file run35.pdb (PDB, C-alpha atoms)
ATOM      1  CA  MET A  61     -58.543 -52.196 -55.344
ATOM      2  CA  ARG A  62     -58.524 -49.431 -52.738
ATOM      3  CA  ARG A  63     -57.533 -46.086 -54.185
ATOM      4  CA  ARG A  64     -54.605 -44.493 -52.391
ATOM      5  CA  LYS A  65     -54.977 -40.938 -51.244
ATOM      6  CA  LYS A  66     -52.448 -38.270 -52.042
ATOM      7  CA  ILE A  67     -49.985 -38.015 -49.169
ATOM      8  CA  VAL A  68     -49.364 -34.512 -47.870
ATOM      9  CA  LEU A  69     -46.272 -34.280 -45.689
ATOM     10  CA  GLN A  70     -46.351 -31.544 -43.078
ATOM     11  CA  VAL A  71     -42.863 -30.216 -42.238
ATOM     12  CA  THR A  72     -42.155 -27.470 -39.735
ATOM     13  CA  GLN A  73     -39.034 -25.569 -38.782
ATOM     14  CA  LYS A  74     -39.218 -27.176 -35.348
ATOM     15  CA  TRP A  75     -38.599 -30.582 -36.874
ATOM     16  CA  PHE A  76     -35.007 -31.760 -36.449
ATOM     17  CA  LEU A  77     -34.828 -34.350 -39.234
ATOM     18  CA  PRO A  78     -33.337 -33.024 -42.494
ATOM     19  CA  LEU A  79     -35.920 -33.344 -45.271
ATOM     20  CA  SER A  80     -33.473 -35.224 -47.530
ATOM     21  CA  ILE A  81     -33.003 -37.957 -44.912
ATOM     22  CA  PHE A  82     -36.725 -38.266 -44.267
ATOM     23  CA  THR A  83     -37.516 -38.381 -47.991
ATOM     24  CA  ILE A  84     -35.222 -41.383 -48.432
ATOM     25  CA  PHE A  85     -36.657 -43.068 -45.330
ATOM     26  CA  LEU A  86     -40.256 -42.431 -46.355
ATOM     27  CA  SER A  87     -39.687 -43.546 -49.957
ATOM     28  CA  PHE A  88     -38.172 -46.827 -48.811
ATOM     29  CA  SER A  89     -40.967 -47.345 -46.288
ATOM     30  CA  LEU A  90     -43.724 -46.695 -48.833
ATOM     31  CA  GLU A  91     -42.185 -49.154 -51.295
ATOM     32  CA  PHE A  92     -42.127 -51.739 -48.531
ATOM     33  CA  LEU A  93     -45.674 -50.895 -47.512
ATOM     34  CA  ARG A  94     -46.944 -51.380 -51.045
ATOM     35  CA  SER A  95     -45.124 -54.657 -51.548
ATOM     36  CA  LYS A  96     -46.417 -58.016 -50.356
ATOM     37  CA  GLN A  97     -44.208 -57.917 -47.250
ATOM     38  CA  CYS A  98     -46.472 -57.246 -44.283
ATOM     39  CA  PRO A  99     -47.453 -53.605 -44.850
ATOM     40  CA  ARG A 100     -49.009 -53.136 -41.446
ATOM     41  CA  HIS A 101     -45.753 -54.097 -39.686
ATOM     42  CA  SER A 102     -43.659 -51.450 -41.418
ATOM     43  CA  LEU A 103     -46.437 -48.928 -40.986
ATOM     44  CA  ARG A 104     -46.642 -49.691 -37.273
ATOM     45  CA  PHE A 105     -43.008 -48.693 -36.798
ATOM     46  CA  ILE A 106     -43.462 -45.488 -38.801
ATOM     47  CA  ILE A 107     -46.526 -44.500 -36.781
ATOM     48  CA  ARG A 108     -44.775 -45.096 -33.476
ATOM     49  CA  CYS A 109     -42.159 -42.622 -34.747
ATOM     50  CA  VAL A 110     -44.651 -39.917 -35.717
ATOM     51  CA  VAL A 111     -47.293 -39.997 -33.006
ATOM     52  CA  ILE A 112     -45.636 -39.108 -29.702
ATOM     53  CA  PHE A 113     -44.127 -35.810 -30.813
ATOM     54  CA  SER A 114     -46.905 -34.842 -33.176
ATOM     55  CA  GLY A 115     -47.574 -31.126 -33.501
ATOM     56  CA  GLY A 116     -51.194 -31.635 -34.460
ATOM     57  CA  TYR A 117     -54.068 -29.844 -32.753
ATOM     58  CA  GLY A 118     -57.784 -29.468 -33.361
ATOM     59  CA  VAL A 119     -57.720 -26.833 -36.105
ATOM     60  CA  ALA A 120     -54.264 -27.582 -37.573
ATOM     61  CA  THR A 121     -53.994 -27.593 -41.371
ATOM     62  CA  GLY A 122     -54.775 -31.093 -42.589
ATOM     63  CA  GLY A 123     -56.223 -32.096 -39.226
ATOM     64  CA  PRO A 124     -54.616 -33.035 -35.901
ATOM     65  CA  LEU A 125     -53.368 -36.431 -37.123
ATOM     66  CA  SER A 126     -51.278 -35.158 -40.053
ATOM     67  CA  TRP A 127     -48.499 -33.465 -38.091
ATOM     68  CA  GLY A 128     -46.296 -36.332 -36.937
ATOM     69  CA  LEU A 129     -42.577 -35.860 -36.213
ATOM     70  CA  CYS A 130     -43.102 -32.162 -35.618
ATOM     71  CA  TYR A 131     -40.827 -32.079 -32.572
ATOM     72  CA  ASN A 132     -37.643 -33.921 -31.657
ATOM     73  CA  LYS A 133     -38.181 -33.936 -27.920
ATOM     74  CA  GLU A 134     -40.743 -33.728 -25.146
ATOM     75  CA  MET A 135     -41.678 -30.047 -25.115
ATOM     76  CA  SER A 136     -42.815 -29.625 -21.502
ATOM     77  CA  PRO A 137     -41.281 -32.417 -19.426
ATOM     78  CA  SER A 138     -42.749 -32.696 -15.954
ATOM     79  CA  LYS A 139     -39.639 -34.363 -14.507
ATOM     80  CA  SER A 140     -36.052 -35.283 -15.320
ATOM     81  CA  TYR A 141     -36.794 -39.058 -15.502
ATOM     82  CA  CYS A 142     -33.951 -40.109 -13.213
ATOM     83  CA  ASP A 143     -34.679 -43.438 -11.503
ATOM     84  CA  ASP A 144     -32.308 -44.129  -8.585
ATOM     85  CA  TYR A 145     -33.224 -47.810  -8.657
ATOM     86  CA  TYR A 146     -30.637 -48.077 -11.435
ATOM     87  CA  LYS A 147     -27.975 -45.984  -9.689
ATOM     88  CA  TYR A 148     -25.411 -48.805  -9.856
ATOM     89  CA  THR A 149     -25.995 -49.785 -13.478
ATOM     90  CA  TYR A 150     -27.155 -46.571 -15.133
ATOM     91  CA  PRO A 151     -26.468 -43.743 -12.673
ATOM     92  CA  CYS A 152     -27.888 -40.352 -13.548
ATOM     93  CA  THR A 153     -25.296 -37.820 -14.622
ATOM     94  CA  PRO A 154     -25.506 -34.549 -12.667
ATOM     95  CA  GLY A 155     -27.233 -31.940 -14.789
ATOM     96  CA  ALA A 156     -28.507 -34.448 -17.379
ATOM     97  CA  GLU A 157     -32.222 -34.836 -17.952
ATOM     98  CA  TYR A 158     -33.672 -37.988 -19.444
ATOM     99  CA  TYR A 159     -36.969 -36.732 -20.810
ATOM    100  CA  GLY A 160     -38.312 -38.054 -24.120
ATOM    101  CA  ARG A 161     -36.182 -37.505 -27.215
ATOM    102  CA  GLY A 162     -35.886 -38.953 -30.700
ATOM    103  CA  ALA A 163     -37.907 -40.553 -33.470
ATOM    104  CA  LEU A 164     -39.202 -43.292 -31.154
ATOM    105  CA  PRO A 165     -38.806 -41.396 -27.886
ATOM    106  CA  ILE A 166     -36.489 -42.601 -25.157
ATOM    107  CA  PHE A 167     -37.399 -41.823 -21.547
ATOM    108  CA  TRP A 168     -35.545 -42.519 -18.258
ATOM    109  CA  ASN A 169     -31.854 -42.942 -17.475
ATOM    110  CA  TYR A 170     -31.909 -46.739 -17.755
ATOM    111  CA  ASN A 171     -33.288 -46.599 -21.308
ATOM    112  CA  TYR A 172     -30.694 -44.038 -22.374
ATOM    113  CA  GLY A 173     -27.999 -46.192 -20.784
ATOM    114  CA  ALA A 174     -29.078 -49.426 -22.464
ATOM    115  CA  THR A 175     -29.563 -47.763 -25.850
ATOM    116  CA  GLY A 176     -26.185 -46.068 -25.604
ATOM    117  CA  GLU A 177     -24.473 -49.357 -24.802
ATOM    118  CA  ALA A 178     -26.050 -51.019 -27.829
ATOM    119  CA  LEU A 179     -25.147 -48.174 -30.196
ATOM    120  CA  LYS A 180     -21.743 -47.504 -28.561
ATOM    121  CA  VAL A 181     -22.623 -43.895 -27.815
ATOM    122  CA  ASN A 182     -22.431 -42.290 -24.356
ATOM    123  CA  LEU A 183     -26.085 -41.352 -24.031
ATOM    124  CA  LEU A 184     -26.078 -41.587 -20.252
ATOM    125  CA  ASP A 185     -23.785 -38.561 -19.989
ATOM    126  CA  HIS A 186     -25.075 -36.942 -23.169
ATOM    127  CA  PRO A 187     -28.783 -37.707 -23.717
ATOM    128  CA  GLU A 188     -28.985 -34.553 -25.853
ATOM    129  CA  TYR A 189     -27.174 -36.396 -28.669
ATOM    130  CA  ILE A 190     -30.509 -37.988 -29.612
ATOM    131  CA  GLU A 191     -32.131 -34.642 -30.390
ATOM    132  CA  GLN A 192     -29.024 -33.289 -32.133
ATOM    133  CA  ASN A 193     -28.364 -36.167 -34.539
ATOM    134  CA  ALA A 194     -31.177 -37.404 -36.804
ATOM    135  CA  THR A 195     -29.305 -40.530 -37.907
ATOM    136  CA  LEU A 196     -28.652 -41.528 -34.305
ATOM    137  CA  ALA A 197     -32.305 -40.868 -33.450
ATOM    138  CA  PHE A 198     -33.484 -43.382 -36.047
ATOM    139  CA  GLN A 199     -30.778 -45.901 -35.134
ATOM    140  CA  ALA A 200     -32.032 -45.737 -31.558
ATOM    141  CA  ALA A 201     -35.648 -46.056 -32.708
ATOM    142  CA  ILE A 202     -34.983 -49.161 -34.803
ATOM    143  CA  TRP A 203     -32.924 -50.762 -32.034
ATOM    144  CA  ARG A 204     -35.680 -50.123 -29.517
ATOM    145  CA  TRP A 205     -38.368 -51.501 -31.828
ATOM    146  CA  MET A 206     -36.445 -54.727 -32.392
ATOM    147  CA  THR A 207     -35.051 -55.307 -28.877
ATOM    148  CA  PRO A 208     -36.936 -56.686 -25.827
ATOM    149  CA  VAL A 209     -36.727 -54.686 -22.614
ATOM    150  CA  LYS A 210     -35.981 -57.961 -20.826
ATOM    151  CA  LYS A 211     -34.978 -61.343 -22.229
ATOM    152  CA  SER A 212     -38.190 -62.956 -20.953
ATOM    153  CA  GLN A 213     -40.335 -60.405 -22.781
ATOM    154  CA  PRO A 214     -41.101 -59.851 -26.473
ATOM    155  CA  SER A 215     -39.828 -57.000 -28.586
ATOM    156  CA  ALA A 216     -42.393 -54.633 -30.073
ATOM    157  CA  HIS A 217     -41.567 -56.200 -33.446
ATOM    158  CA  ASP A 218     -42.294 -59.740 -32.268
ATOM    159  CA  ALA A 219     -45.497 -58.733 -30.482
ATOM    160  CA  PHE A 220     -46.812 -57.045 -33.594
ATOM    161  CA  VAL A 221     -45.968 -59.653 -36.236
ATOM    162  CA  GLY A 222     -47.252 -62.481 -34.032
ATOM    163  CA  THR A 223     -44.063 -64.497 -33.496
ATOM    164  CA  TRP A 224     -44.392 -63.964 -29.736
ATOM    165  CA  LYS A 225     -46.415 -66.616 -27.897
ATOM    166  CA  PRO A 226     -48.017 -65.308 -24.677
ATOM    167  CA  THR A 227     -47.502 -67.250 -21.467
ATOM    168  CA  LYS A 228     -50.292 -68.062 -19.032
ATOM    169  CA  ASN A 229     -49.325 -64.981 -17.024
ATOM    170  CA  ASP A 230     -49.513 -62.843 -20.168
ATOM    171  CA  THR A 231     -52.991 -64.140 -20.897
ATOM    172  CA  LEU A 232     -54.115 -63.370 -17.347
ATOM    173  CA  ALA A 233     -52.666 -59.876 -17.786
ATOM    174  CA  LYS A 234     -54.703 -59.545 -21.025
ATOM    175  CA  ARG A 235     -51.550 -59.178 -23.144
ATOM    176  CA  VAL A 236     -52.066 -60.631 -26.612
ATOM    177  CA  PRO A 237     -50.079 -60.323 -29.876
ATOM    178  CA  GLY A 238     -50.974 -57.165 -31.758
ATOM    179  CA  PHE A 239     -50.910 -53.402 -31.818
ATOM    180  CA  GLY A 240     -51.964 -52.850 -28.219
ATOM    181  CA  THR A 241     -49.132 -54.877 -26.750
ATOM    182  CA  THR A 242     -46.530 -52.854 -28.648
ATOM    183  CA  MET A 243     -47.748 -49.808 -26.693
ATOM    184  CA  ASN A 244     -47.364 -51.823 -23.497
ATOM    185  CA  ILE A 245     -43.785 -52.772 -24.379
ATOM    186  CA  LEU A 246     -42.724 -49.288 -25.384
ATOM    187  CA  TYR A 247     -44.551 -47.160 -22.806
ATOM    188  CA  GLY A 248     -46.030 -49.480 -20.194
ATOM    189  CA  ASP A 249     -48.442 -47.914 -17.735
ATOM    190  CA  GLN A 250     -47.886 -44.454 -19.169
ATOM    191  CA  VAL A 251     -50.622 -45.372 -21.649
ATOM    192  CA  CYS A 252     -51.711 -48.939 -20.825
ATOM    193  CA  GLY A 253     -53.859 -50.330 -18.045
ATOM    194  CA  GLN A 254     -55.417 -46.911 -17.486
ATOM    195  CA  GLY A 255     -58.715 -47.547 -19.203
ATOM    196  CA  ASP A 256     -59.927 -45.637 -22.251
ATOM    197  CA  VAL A 257     -57.488 -42.692 -21.928
ATOM    198  CA  ASP A 258     -56.619 -40.048 -24.523
ATOM    199  CA  SER A 259     -52.909 -40.916 -24.678
ATOM    200  CA  MET A 260     -53.690 -44.452 -25.828
ATOM    201  CA  ASN A 261     -56.549 -43.483 -28.137
ATOM    202  CA  ASN A 262     -54.355 -40.869 -29.828
ATOM    203  CA  ILE A 263     -51.868 -43.559 -30.856
ATOM    204  CA  ILE A 264     -54.648 -45.812 -32.148
ATOM    205  CA  SER A 265     -56.178 -42.917 -34.111
ATOM    206  CA  HIS A 266     -52.831 -42.179 -35.796
ATOM    207  CA  TYR A 267     -52.474 -45.838 -36.746
ATOM    208  CA  GLN A 268     -55.916 -45.943 -38.353
ATOM    209  CA  TYR A 269     -55.374 -42.580 -40.053
ATOM    210  CA  TYR A 270     -52.183 -43.717 -41.772
ATOM    211  CA  LEU A 271     -53.631 -47.091 -42.704
ATOM    212  CA  ASP A 272     -56.338 -45.208 -44.606
ATOM    213  CA  LEU A 273     -53.884 -42.664 -46.012
ATOM    214  CA  LEU A 274     -51.608 -45.328 -47.490
ATOM    215  CA  GLY A 275     -54.430 -47.380 -48.939
ATOM    216  CA  VAL A 276     -54.165 -50.311 -46.524
ATOM    217  CA  GLY A 277     -57.478 -49.624 -44.805
ATOM    218  CA  ARG A 278     -58.236 -49.436 -41.105
ATOM    219  CA  GLU A 279     -60.373 -52.550 -41.347
ATOM    220  CA  GLN A 280     -57.081 -54.442 -41.710
ATOM    221  CA  ALA A 281     -55.986 -53.327 -38.240
ATOM    222  CA  GLY A 282     -57.727 -56.259 -36.572
ATOM    223  CA  PRO A 283     -60.297 -56.485 -33.768
ATOM    224  CA  HIS A 284     -60.528 -53.836 -31.071
ATOM    225  CA  GLU A 285     -59.060 -56.112 -28.397
ATOM    226  CA  ASN A 286     -55.819 -56.290 -30.432
ATOM    227  CA  LEU A 287     -55.698 -52.511 -30.927
ATOM    228  CA  THR A 288     -56.138 -51.462 -27.320
ATOM    229  CA  CYS A 289     -54.099 -51.949 -24.154
ATOM    230  CA  ALA A 290     -56.656 -50.268 -21.905
ATOM    231  CA  GLU A 291     -56.961 -53.271 -19.593
ATOM    232  CA  GLN A 292     -53.493 -54.750 -20.005
ATOM    233  CA  ILE A 293     -51.159 -55.011 -17.027
ATOM    234  CA  ALA A 294     -47.824 -53.392 -17.849
ATOM    235  CA  PHE A 295     -44.856 -55.671 -18.504
ATOM    236  CA  ASN A 296     -42.679 -53.317 -16.452
ATOM    237  CA  PRO A 297     -44.754 -51.227 -14.023
ATOM    238  CA  SER A 298     -43.509 -47.803 -12.988
ATOM    239  CA  TYR A 299     -42.802 -48.609  -9.385
ATOM    240  CA  THR A 300     -40.893 -45.371  -8.717
ATOM    241  CA  ALA A 301     -41.535 -41.742  -9.426
ATOM    242  CA  SER A 302     -37.987 -40.458  -9.139
ATOM    243  CA  SER A 303     -37.344 -36.933 -10.405
TER     244      SER A 303
END
call {"tool": "encode", "arguments": {"input": "run35.pdb", "output": "structure tokens"}}
result
Amino acid sequence: MRRRKKIVLQVTQKWFLPLSIFTIFLSFSLEFLRSKQCPRHSLRFIIRCVVIFSGGYGVATGGPLSWGLCYNKEMSPSKSYCDDYYKYTYPCTPGAEYYGRGALPIFWNYNYGATGEALKVNLLDHPEYIEQNATLAFQAAIWRWMTPVKKSQPSAHDAFVGTWKPTKNDTLAKRVPGFGTTMNILYGDQVCGQGDVDSMNNIISHYQYYLDLLGVGREQAGPHENLTCAEQIAFNPSYTASS
């Protein structure tokens, strides 16, 4: 039996999630991970929550991969993420900026609008609620993980556990069930279809790091073609660059 390493949790003052809430969440997750109920699936969701706003860097204590969930928002957004294509369904509120926020970051006005509708919270006018309320941030993260962007597409959950069956077009686009396709669903061509880029490899490295840390083992992650989305065509290409 693989020996589990001691888990060291890095917490900084920049982190918005109260430690008591995270302790409950982590304890539940670890019990699930160590049960017989698909440990990699639960771990995949946790890693998606920790990797994007990691505070790790090359010489950070514990290494660059041990500082997940350090920030609650995108620290240096390059744009306001307002897409006028959705001006009739999810119009941008003057003064609001839709940069990444939350445990599983939300970007763009249309994602804030759809998430707000599902959770019955006015996120289109008040996207800042996600960074101000830890409970809401995790509600949004779970909803996003379980919900397809479009009805004809899989959710990240379904793509990872293998209940999604690719169509012929998916196969031609090199989209297969597994870890890589969850990146495609959540972030599209921000990380996928760009070749062997750092943004994609950073997510994969976090996944393997936590598999080892929790005693699951990175060899259980599957073949490389299931881990990567380097050559996948995005489900929903970024056809605009609105600011």
call {"tool": "resolve_selection", "arguments": {"input": "run35.pdb", "expression": "the PyMOL selection byres ((chain A and resi 199-201) around 10)", "output": "list in words"}}
result
Phe105, Ile106, Arg108, Cys109, Gly162, Ala163, Leu164, Pro165, Ile166, Tyr172, Thr175, Gly176, Ala178, Leu179, Ile190, Ala194, Thr195, Leu196, Ala197, Phe198, Ile202, Trp203, Arg204, Trp205 and Met206 of chain A
call {"tool": "residues_around", "arguments": {"input": "run35.pdb", "residues": "Gly253 in chain A", "least_positions_apart": "5", "cutoff": "8 Å", "atoms": "only C-alpha atoms", "output": "PyMOL selection string"}}
result
chain A and resi 289-294
call {"tool": "write_last_selection", "arguments": {"input": "run35.pdb", "atoms": "C-alpha atoms", "output": "CSV table (one decimal), in the coordinates of the input"}}
result
chain,number,residue,atom,x,y,z
A,289,CYS,CA,-54.1,-51.9,-24.2
A,290,ALA,CA,-56.7,-50.3,-21.9
A,291,GLU,CA,-57.0,-53.3,-19.6
A,292,GLN,CA,-53.5,-54.8,-20.0
A,293,ILE,CA,-51.2,-55.0,-17.0
A,294,ALA,CA,-47.8,-53.4,-17.8
call {"tool": "resolve_selection", "arguments": {"input": "run35.pdb", "expression": "the PyMOL selection byres ((chain A and resi 252) around 12)", "output": "PyMOL selection string"}}
result
chain A and resi 233-235+239-251+253-261+263+287-298
call {"tool": "closest_residue", "arguments": {"input": "run35.pdb", "among": "A:Lys133, A:Lys228, A:Lys180, A:His186", "to": "Thr153 in chain A", "atoms": "all atoms listed in the file"}}
result
A:His186
call {"tool": "residues_around", "arguments": {"input": "run35.pdb", "residues": "Tyr159 in chain A", "least_positions_apart": "3", "cutoff": "9 Å", "atoms": "only C-alpha atoms", "output": "list in words"}}
result
Lys133, Glu134, Pro137, Ser138, Lys139, Ser140, Tyr141, Cys142, Pro165, Ile166, Phe167, Trp168, Asn169 and Pro187 of chain A
call {"tool": "atom_distance", "arguments": {"input": "run35.pdb", "atom1": "CA of Tyr148 in chain A", "atom2": "CA of Ala174 in chain A"}}
result
13.1 Å
call {"tool": "axis_aligned_box", "arguments": {"input": "run35.pdb", "around": "range 194-213 of chain A", "padding_each_side": "3 Å", "output": "JSON"}}
result
{"center_x": -34.5, "center_y": -50.2, "center_z": -29.4, "size_x": 17.7, "size_y": 31.6, "size_z": 23.1}
call {"tool": "residues_around", "arguments": {"input": "run35.pdb", "residues": "Lys147 in chain A", "least_positions_apart": "2", "cutoff": "12 Å", "atoms": "all atoms listed in the file", "output": "list in words"}}
result
Cys142, Asp143, Asp144, Tyr145, Thr149, Tyr150, Pro151, Cys152, Thr153, Trp168, Asn169, Tyr170, Gly173, Leu184 and Ser302 of chain A
call {"tool": "atom_distance", "arguments": {"input": "run35.pdb", "atom1": "CA of Asn286 in chain A", "atom2": "CA of Asn171 in chain A"}}
result
26.2 Å
call {"tool": "atom_distance", "arguments": {"input": "run35.pdb", "atom1": "CA of Val209 in chain A", "atom2": "CA of Thr227 in chain A"}}
result
16.6 Å
call {"tool": "resolve_selection", "arguments": {"input": "run35.pdb", "expression": "the PyMOL selection byres ((chain A and resi 214) around 10)", "output": "list in words"}}
result
Met206, Thr207, Pro208, Val209, Lys210, Lys211, Ser212, Gln213, Ser215, Ala216, His217, Asp218, Ala219, Phe220, Thr223, Trp224, Lys225, Pro226, Pro237, Thr241, Thr242, Ile245 and Phe295 of chain A
